[in-house]
>>> print(open('coords-v4.cif').read())   # mmCIF, C-alpha atoms and all ligand atoms
data_input
#
loop_
_atom_site.label_atom_id
_atom_site.label_comp_id
_atom_site.auth_asym_id
_atom_site.auth_seq_id
_atom_site.Cartn_x
_atom_site.Cartn_y
_atom_site.Cartn_z
CA MET A 1 -14.75 -13.45 -21.56
CA ALA A 2 -16.30 -10.72 -19.41
CA VAL A 3 -15.21 -9.68 -15.92
CA GLY A 4 -17.73 -8.27 -13.41
CA VAL A 5 -17.16 -5.04 -11.48
CA PHE A 6 -19.44 -4.31 -8.55
CA ASP A 7 -20.06 -1.29 -6.35
CA SER A 8 -22.92 -0.08 -4.19
CA GLY A 9 -23.26 2.85 -6.57
CA LEU A 10 -21.15 5.01 -8.83
CA GLY A 11 -17.82 4.98 -7.00
CA GLY A 12 -16.70 1.73 -8.65
CA LEU A 13 -16.72 3.58 -11.98
CA THR A 14 -13.33 5.02 -10.94
CA VAL A 15 -12.05 1.43 -10.87
CA LEU A 16 -13.92 0.46 -14.04
CA ASP A 17 -12.34 3.35 -15.91
CA ALA A 18 -8.83 2.26 -14.89
CA VAL A 19 -9.33 -1.47 -15.59
CA SER A 20 -10.88 -0.75 -19.02
CA LYS A 21 -7.92 1.46 -19.96
CA ARG A 22 -5.41 -1.13 -18.73
CA LEU A 23 -7.25 -4.09 -20.36
CA PRO A 24 -8.96 -2.60 -23.45
CA ASP A 25 -9.79 -6.01 -24.96
CA VAL A 26 -11.63 -7.33 -21.91
CA PRO A 27 -15.40 -6.70 -21.77
CA PHE A 28 -16.51 -5.53 -18.31
CA VAL A 29 -20.00 -5.78 -16.85
CA TYR A 30 -20.53 -3.09 -14.22
CA LEU A 31 -23.25 -3.42 -11.60
CA GLY A 32 -24.18 -0.55 -9.29
CA ASP A 33 -26.58 -1.40 -6.47
CA ASN A 34 -27.83 2.20 -6.45
CA LYS A 35 -31.16 1.18 -5.00
CA HIS A 36 -29.45 0.15 -1.76
CA ALA A 37 -26.55 2.68 -1.65
CA PRO A 38 -24.91 3.77 0.53
CA TYR A 39 -23.60 0.54 2.03
CA GLY A 40 -21.30 2.38 4.44
CA VAL A 41 -24.05 2.98 6.99
CA ARG A 42 -25.38 -0.63 6.91
CA ASP A 43 -24.43 -3.45 9.25
CA ALA A 44 -22.17 -6.30 8.13
CA ASP A 45 -25.02 -8.83 7.64
CA ASP A 46 -26.86 -6.45 5.38
CA VAL A 47 -23.75 -5.69 3.31
CA TYR A 48 -23.09 -9.46 3.02
CA THR A 49 -26.62 -10.25 1.78
CA LEU A 50 -26.65 -7.39 -0.75
CA THR A 51 -23.14 -8.17 -2.01
CA CYS A 52 -23.97 -11.87 -2.53
CA ALA A 53 -27.11 -10.94 -4.51
CA ALA A 54 -25.16 -8.53 -6.74
CA THR A 55 -22.38 -11.07 -7.29
CA GLU A 56 -24.92 -13.69 -8.40
CA ARG A 57 -26.36 -11.21 -10.91
CA LEU A 58 -22.87 -10.75 -12.38
CA TRP A 59 -22.32 -14.50 -12.56
CA ASP A 60 -25.63 -14.70 -14.47
CA ALA A 61 -24.24 -12.08 -16.89
CA GLY A 62 -21.37 -14.48 -17.76
CA CYS A 63 -18.70 -13.15 -15.37
CA ASP A 64 -16.91 -15.96 -13.49
CA LEU A 65 -14.59 -13.39 -11.91
CA VAL A 66 -16.12 -10.48 -9.99
CA ILE A 67 -14.15 -7.54 -8.60
CA LEU A 68 -15.74 -5.93 -5.55
CA ALA A 69 -14.87 -2.32 -6.47
CA CYS A 70 -16.30 -1.36 -3.11
CA ASN A 71 -14.20 -1.20 0.04
CA THR A 72 -17.24 -1.53 2.24
CA ALA A 73 -18.20 -4.86 0.62
CA SER A 74 -14.55 -5.96 0.52
CA ALA A 75 -14.16 -5.13 4.22
CA ALA A 76 -17.50 -6.30 5.60
CA ALA A 77 -18.46 -9.24 3.35
CA LEU A 78 -15.64 -10.69 1.25
CA ARG A 79 -13.95 -12.86 3.84
CA ARG A 80 -17.29 -14.47 4.80
CA MET A 81 -18.15 -15.01 1.12
CA GLN A 82 -14.78 -16.65 0.44
CA GLU A 83 -15.02 -18.88 3.50
CA SER A 84 -18.38 -20.44 2.78
CA TRP A 85 -20.30 -19.16 -0.21
CA ILE A 86 -18.32 -18.86 -3.44
CA PRO A 87 -18.42 -22.01 -5.64
CA ARG A 88 -15.11 -23.57 -6.66
CA GLU A 89 -15.28 -22.43 -10.30
CA LYS A 90 -15.93 -18.75 -9.49
CA ARG A 91 -13.72 -16.03 -8.00
CA VAL A 92 -14.48 -12.81 -6.13
CA LEU A 93 -11.63 -10.38 -5.44
CA GLY A 94 -11.60 -7.23 -3.30
CA VAL A 95 -9.86 -3.88 -3.67
CA PHE A 96 -8.04 -3.66 -0.33
CA VAL A 97 -5.09 -5.91 -0.90
CA PRO A 98 -3.56 -4.16 -3.97
CA LEU A 99 -3.60 -0.90 -2.04
CA ILE A 100 -1.92 -2.38 1.02
CA GLU A 101 0.67 -4.12 -1.15
CA ALA A 102 1.53 -0.73 -2.71
CA LEU A 103 1.72 0.97 0.68
CA THR A 104 3.98 -1.76 2.06
CA GLU A 105 6.07 -1.92 -1.13
CA ARG A 106 5.29 -5.58 -1.77
CA GLN A 107 5.03 -7.50 -4.99
CA TRP A 108 1.65 -9.09 -5.67
CA GLY A 109 1.21 -12.29 -3.76
CA ASP A 110 4.37 -11.83 -1.62
CA ASN A 111 3.47 -13.82 1.52
CA SER A 112 6.68 -13.28 3.48
CA PRO A 113 6.39 -12.29 7.18
CA PRO A 114 5.47 -8.71 8.16
CA ARG A 115 8.37 -6.25 8.15
CA GLU A 116 9.11 -2.58 8.84
CA VAL A 117 8.20 -0.24 5.98
CA ALA A 118 8.95 3.38 5.05
CA VAL A 119 5.66 4.90 6.22
CA GLN A 120 4.78 4.91 9.92
CA HIS A 121 1.81 7.28 10.19
CA VAL A 122 -1.08 6.49 7.87
CA ALA A 123 -4.46 8.19 7.65
CA LEU A 124 -7.35 6.05 6.42
CA PHE A 125 -10.46 7.75 5.03
CA ALA A 126 -13.36 5.31 4.52
CA THR A 127 -17.03 4.67 5.16
CA PRO A 128 -18.26 4.04 8.72
CA ALA A 129 -18.75 0.30 7.95
CA THR A 130 -15.22 -0.07 6.55
CA VAL A 131 -13.70 1.73 9.54
CA ARG A 132 -15.76 -0.40 11.96
CA SER A 133 -14.64 -3.66 10.29
CA ARG A 134 -10.93 -2.91 10.97
CA ALA A 135 -10.23 -4.97 7.82
CA PHE A 136 -7.59 -2.48 6.67
CA GLN A 137 -5.62 -2.77 9.91
CA ARG A 138 -5.97 -6.58 9.82
CA GLU A 139 -4.64 -6.89 6.24
CA LEU A 140 -1.88 -4.38 6.99
CA ALA A 141 -0.74 -6.34 10.05
CA PHE A 142 -0.12 -9.41 7.83
CA ARG A 143 2.41 -7.36 5.85
CA ALA A 144 3.91 -4.56 7.98
CA ILE A 145 4.93 -3.85 11.55
CA GLY A 146 5.12 -0.53 13.39
CA VAL A 147 2.56 1.33 11.27
CA ASP A 148 0.22 3.61 13.15
CA VAL A 149 -3.18 3.89 11.39
CA GLU A 150 -5.69 6.61 12.27
CA ALA A 151 -9.06 5.99 10.62
CA GLN A 152 -11.62 8.67 9.84
CA ALA A 153 -15.18 7.56 9.01
CA CYS A 154 -16.37 10.05 6.40
CA GLY A 155 -20.09 10.13 7.18
CA GLY A 156 -22.27 11.75 4.50
CA LEU A 157 -19.62 11.89 1.79
CA VAL A 158 -20.89 8.99 -0.36
CA ASP A 159 -24.45 10.37 -0.28
CA ALA A 160 -23.23 13.80 -1.40
CA ILE A 161 -21.24 12.28 -4.28
CA GLU A 162 -24.12 9.99 -5.35
CA GLU A 163 -26.43 13.03 -5.36
CA GLY A 164 -23.89 15.00 -7.41
CA ASP A 165 -23.70 17.69 -4.69
CA MET A 166 -20.02 18.53 -5.07
CA ILE A 167 -20.16 21.67 -2.92
CA LEU A 168 -21.36 19.64 0.05
CA ALA A 169 -18.87 16.87 -0.82
CA GLU A 170 -15.96 19.35 -0.74
CA ALA A 171 -17.08 20.80 2.61
CA LEU A 172 -17.32 17.28 4.05
CA VAL A 173 -13.86 16.31 2.79
CA ARG A 174 -12.33 19.41 4.42
CA SER A 175 -14.08 18.81 7.73
CA HIS A 176 -13.14 15.09 7.78
CA VAL A 177 -9.49 15.97 7.04
CA ASP A 178 -9.56 18.52 9.89
CA ALA A 179 -11.00 15.88 12.24
CA LEU A 180 -8.30 13.41 11.20
CA LYS A 181 -5.53 15.98 11.70
CA ARG A 182 -6.71 16.63 15.25
CA LYS A 183 -6.01 12.93 15.96
CA MET A 184 -2.88 12.59 13.76
CA PRO A 185 -1.34 16.00 12.99
CA THR A 186 1.29 14.82 10.48
CA PRO A 187 0.32 11.72 8.51
CA GLN A 188 2.91 10.64 5.93
CA ALA A 189 0.40 8.84 3.74
CA ALA A 190 -3.36 8.95 3.28
CA ILE A 191 -5.44 6.09 1.94
CA LEU A 192 -8.66 6.87 0.10
CA GLY A 193 -10.37 3.67 1.23
CA CYS A 194 -13.64 4.13 -0.65
CA THR A 195 -13.97 3.97 -4.42
CA HIS A 196 -16.13 7.10 -4.42
CA TYR A 197 -13.35 9.25 -2.95
CA PRO A 198 -11.01 9.46 -5.99
CA LEU A 199 -13.65 11.78 -7.43
CA MET A 200 -12.57 14.16 -4.61
CA GLN A 201 -8.85 13.33 -4.71
CA GLU A 202 -7.68 16.89 -5.49
CA ILE A 203 -9.63 18.26 -2.52
CA PHE A 204 -8.20 15.58 -0.19
CA GLN A 205 -4.69 16.41 -1.42
CA ASP A 206 -5.26 20.15 -1.02
CA ALA A 207 -6.67 19.77 2.49
CA LEU A 208 -3.92 17.35 3.58
CA GLY A 209 -1.06 19.37 2.07
CA PRO A 210 1.53 18.49 -0.60
CA GLU A 211 3.80 16.55 1.76
CA VAL A 212 1.18 13.78 2.28
CA ALA A 213 1.23 10.95 -0.29
CA VAL A 214 -2.38 10.19 -1.23
CA TYR A 215 -3.04 6.60 -2.36
CA SER A 216 -6.15 5.77 -4.33
CA GLN A 217 -7.09 2.43 -5.71
CA ALA A 218 -8.07 2.56 -9.35
CA ASN A 219 -4.68 2.17 -11.04
CA LEU A 220 -3.38 -0.23 -8.39
CA VAL A 221 -6.40 -2.51 -8.85
CA ALA A 222 -6.02 -2.33 -12.65
CA GLU A 223 -2.38 -3.50 -12.49
CA SER A 224 -3.26 -6.21 -10.03
CA LEU A 225 -6.15 -7.47 -12.21
CA ALA A 226 -3.94 -7.52 -15.32
CA ASP A 227 -1.41 -9.62 -13.43
CA TYR A 228 -4.14 -11.93 -12.09
CA LEU A 229 -5.59 -12.55 -15.57
CA VAL A 230 -2.15 -13.46 -16.95
CA ARG A 231 -1.87 -16.05 -14.17
CA HIS A 232 -5.51 -17.22 -14.40
CA PRO A 233 -6.67 -16.75 -18.01
CA ASN A 234 -9.42 -19.36 -17.46
CA MET A 235 -11.18 -16.94 -15.07
CA MET A 236 -12.51 -14.82 -17.95
CA GLY A 237 -16.21 -15.74 -18.07
CA GLN A 238 -18.25 -16.41 -21.21
CA GLY A 239 -19.96 -12.98 -21.32
CA GLU A 240 -18.92 -11.03 -24.43
CA ALA A 241 -20.41 -7.55 -24.20
CA SER A 242 -19.62 -4.65 -21.87
CA MET A 243 -22.68 -3.48 -19.96
CA PHE A 244 -23.70 -1.10 -17.20
CA LEU A 245 -26.39 -2.47 -14.91
CA THR A 246 -28.11 -0.77 -12.00
CA THR A 247 -30.71 -1.76 -9.44
CA GLY A 248 -31.74 1.91 -9.33
CA ASP A 249 -33.44 4.26 -11.79
CA ALA A 250 -31.45 3.70 -15.02
CA LYS A 251 -32.00 7.18 -16.45
CA ARG A 252 -31.05 9.03 -13.29
CA VAL A 253 -28.02 6.80 -12.67
CA SER A 254 -26.89 7.25 -16.32
CA ASP A 255 -27.07 11.04 -15.96
CA HIS A 256 -25.03 11.06 -12.74
CA ALA A 257 -22.49 8.60 -14.15
CA THR A 258 -22.07 10.72 -17.29
CA GLN A 259 -21.44 13.77 -15.09
CA PHE A 260 -18.77 11.91 -13.04
CA LEU A 261 -16.82 10.30 -15.84
CA ARG A 262 -17.38 13.14 -18.32
CA ARG A 263 -18.39 10.67 -21.06
CA ARG A 264 -21.79 9.25 -21.93
CA ILE A 265 -22.60 6.15 -19.87
CA GLN A 266 -25.86 4.31 -20.48
CA PHE A 267 -27.10 2.10 -17.62
CA GLU A 268 -29.82 -0.52 -17.97
CA ALA A 269 -31.98 -2.19 -15.32
CA ALA A 270 -30.22 -5.11 -13.61
N1 LIG B 301 -17.75 3.00 -2.85
C1 LIG B 301 -17.95 2.12 -1.79
C2 LIG B 301 -16.69 1.86 -1.01
O1 LIG B 301 -15.65 1.77 -1.64
C3 LIG B 301 -19.19 2.14 -1.01
C4 LIG B 301 -19.67 3.37 -0.43
C5 LIG B 301 -21.05 3.21 0.21
O2 LIG B 301 -21.91 2.63 -0.45
O3 LIG B 301 -21.20 3.64 1.34
O4 LIG B 301 -16.69 1.72 0.19
#
>>> encode(input="coords-v4.cif", output="structure tokens", more="lines below")
Ligand code: DGL
Amino acid sequence: MAVGVFDSGLGGLTVLDAVSKRLPDVPFVYLGDNKHAPYGVRDADDVYTLTCAATERLWDAGCDLVILACNTASAAALRRMQESWIPREKRVLGVFVPLIEALTERQWGDNSPPREVAVQHVALFATPATVRSRAFQRELAFRAIGVDVEAQACGGLVDAIEEGDMILAEALVRSHVDALKRKMPTPQAAILGCTHYPLMQEIFQDALGPEVAVYSQANLVAESLADYLVRHPNMMGQGEASMFLTTGDAKRVSDHATQFLRRRIQFEAA
């Protein structure tokens, strides 16, 4: 009864941590495609091919349901996968929709027409590929009207986090927030639209100021997954053990992951 969690690298561990706390009896198989990270600078075809390969690996590990804990894959590949690639008995879910439902104060699966919502000026921080896809704006437009979104592509930030260079990561966050504020001086809400960014959430909040509500995905995705599994209990696959898989160097990835989550994480080769 395992569920797969996929990211290009370590960022999805922020989601894994939240889903494991929310669903302690569910085994999760995590796959980081560290060999090919970052995805955020790749084109959509590349992200699609890599995401399909990783999803197949998780199906092989006994996970019929795979969460793309990667906004770049959710934005650039998921729709295409759902349209023509995923077999009937499997499911692949992204991390965008729970976030947008929270921002637009909707219940899960509420498909009523778009309406006005409390926030009107929203800053989106994401990878260049996610920003280019405009998937966030598209999903938002299905649910809300009159929301002005200013997107900031945070070049370099995922690499700095994957390398564990937190001094560079902090400098990049501050300069990307400055760049965003030049375009939108007073955002009401900020979306951390990359699963690596919650590791820098305090710096984003500090740079944005206390009046900006910062939304990050981990807990929202965990609640949404718990709700989904109550409605679709048959989507738990046959896998029984939790595992951490990587396409990269298992020792190096384990050391970085341990540093991020502040508990020992042991990766094995995918
Ligand atoms: N953490 C991923 C995301 O949520 C991917 C970052 C990357 O590989 O560039 O977008």
>>> closest_residue(input="coords-v4.cif", among="A:Asp249, A:Glu139, A:Asp206, A:Asp33", to="ligand LIG 301 (chain B)", atoms="only C-alpha atoms and all ligand atoms")
A:Asp33
>>> residues_around(input="coords-v4.cif", residues="Leu168 of chain A", least_positions_apart="3", cutoff="12 Å", atoms="only C-alpha atoms", output="ChimeraX atom specification")
/A:155-165,171-175,200
>>> residues_near_ligand(input="coords-v4.cif", ligand="ligand LIG 301 (chain B)", cutoff="7 Å", atoms="only C-alpha atoms and all ligand atoms", output="PyMOL selection string")
chain A and resi 7-9+11-12+37-41+69-73+126-127+130+158+193-196
>>> residues_around(input="coords-v4.cif", residues="Glu240 of chain A", least_positions_apart="4", cutoff="9 Å", atoms="only C-alpha atoms", output="JSON, numbers by chain")
{"A": [1, 2, 26, 27, 28, 62]}
>>> residues_around(input="coords-v4.cif", residues="Phe6 of chain A", least_positions_apart="3", cutoff="6 Å", atoms="all atoms listed in the file", output="PDB file with C-alpha atoms, keeping the file's coordinate frame")
ATOM      1  CA  TYR A  30     -20.530  -3.090 -14.220  1.00  0.00           C
ATOM      2  CA  LEU A  31     -23.250  -3.420 -11.600  1.00  0.00           C
ATOM      3  CA  LEU A  68     -15.740  -5.930  -5.550  1.00  0.00           C
ATOM      4  CA  ALA A  69     -14.870  -2.320  -6.470  1.00  0.00           C
TER       5      ALA A  69
END
>>> closest_residue(input="coords-v4.cif", among="A:Glu150, A:Asp110, A:Glu89, A:Glu170", to="Cys63 of chain A", atoms="only C-alpha atoms")
A:Glu89
>>> closest_residue(input="coords-v4.cif", among="A:Ala61, A:Ala102, A:Ala135, A:Val119", to="Asp148 of chain A", atoms="only C-alpha atoms")
A:Val119
>>> residues_around(input="coords-v4.cif", residues="Gln259 of chain A", least_positions_apart="4", cutoff="12 Å", atoms="all atoms listed in the file", output="ChimeraX atom specification")
/A:10,13,161-166,199,252-255,263-266
>>> residues_near_point(input="coords-v4.cif", point="(-31.4, -1.7, 3.9)", cutoff="7 Å", atoms="only C-alpha atoms", output="list in words")
His36, Arg42 and Asp46 of chain A
>>> atom_distance(input="coords-v4.cif", atom1="atom CA of Thr55 of chain A", atom2="atom CA of Met236 of chain A")
15.0 Å
>>> atom_distance(input="coords-v4.cif", atom1="atom CA of Arg134 of chain A", atom2="atom CA of Ser74 of chain A")
11.5 Å
>>> closest_residue(input="coords-v4.cif", among="A:Tyr228, A:Phe244, A:Phe260, A:Phe267", to="Leu65 of chain A", atoms="all atoms listed in the file")
A:Tyr228
>>> atom_distance(input="coords-v4.cif", atom1="atom CA of Leu220 of chain A", atom2="atom CA of Thr104 of chain A")
12.9 Å
>>> closest_residue(input="coords-v4.cif", among="A:Ala190, A:Leu50, A:Ile67, A:Leu245", to="Gln120 of chain A", atoms="all atoms listed in the file")
A:Ala190
>>> residues_around(input="coords-v4.cif", residues="Thr247 of chain A", least_positions_apart="5", cutoff="6 Å", atoms="all atoms listed in the file", output="count of residues only")
4
>>> residues_near_point(input="coords-v4.cif", point="(-17.2, -20.1, -11.5)", cutoff="9 Å", atoms="all atoms listed in the file", output="number ranges by chain")
A: 59, 63-65, 86-91, 235, 237
>>> closest_residue(input="coords-v4.cif", among="A:Ala226, A:Ala179, A:Val19, A:Val131", to="Ala44 of chain A", atoms="all atoms listed in the file")
A:Val131
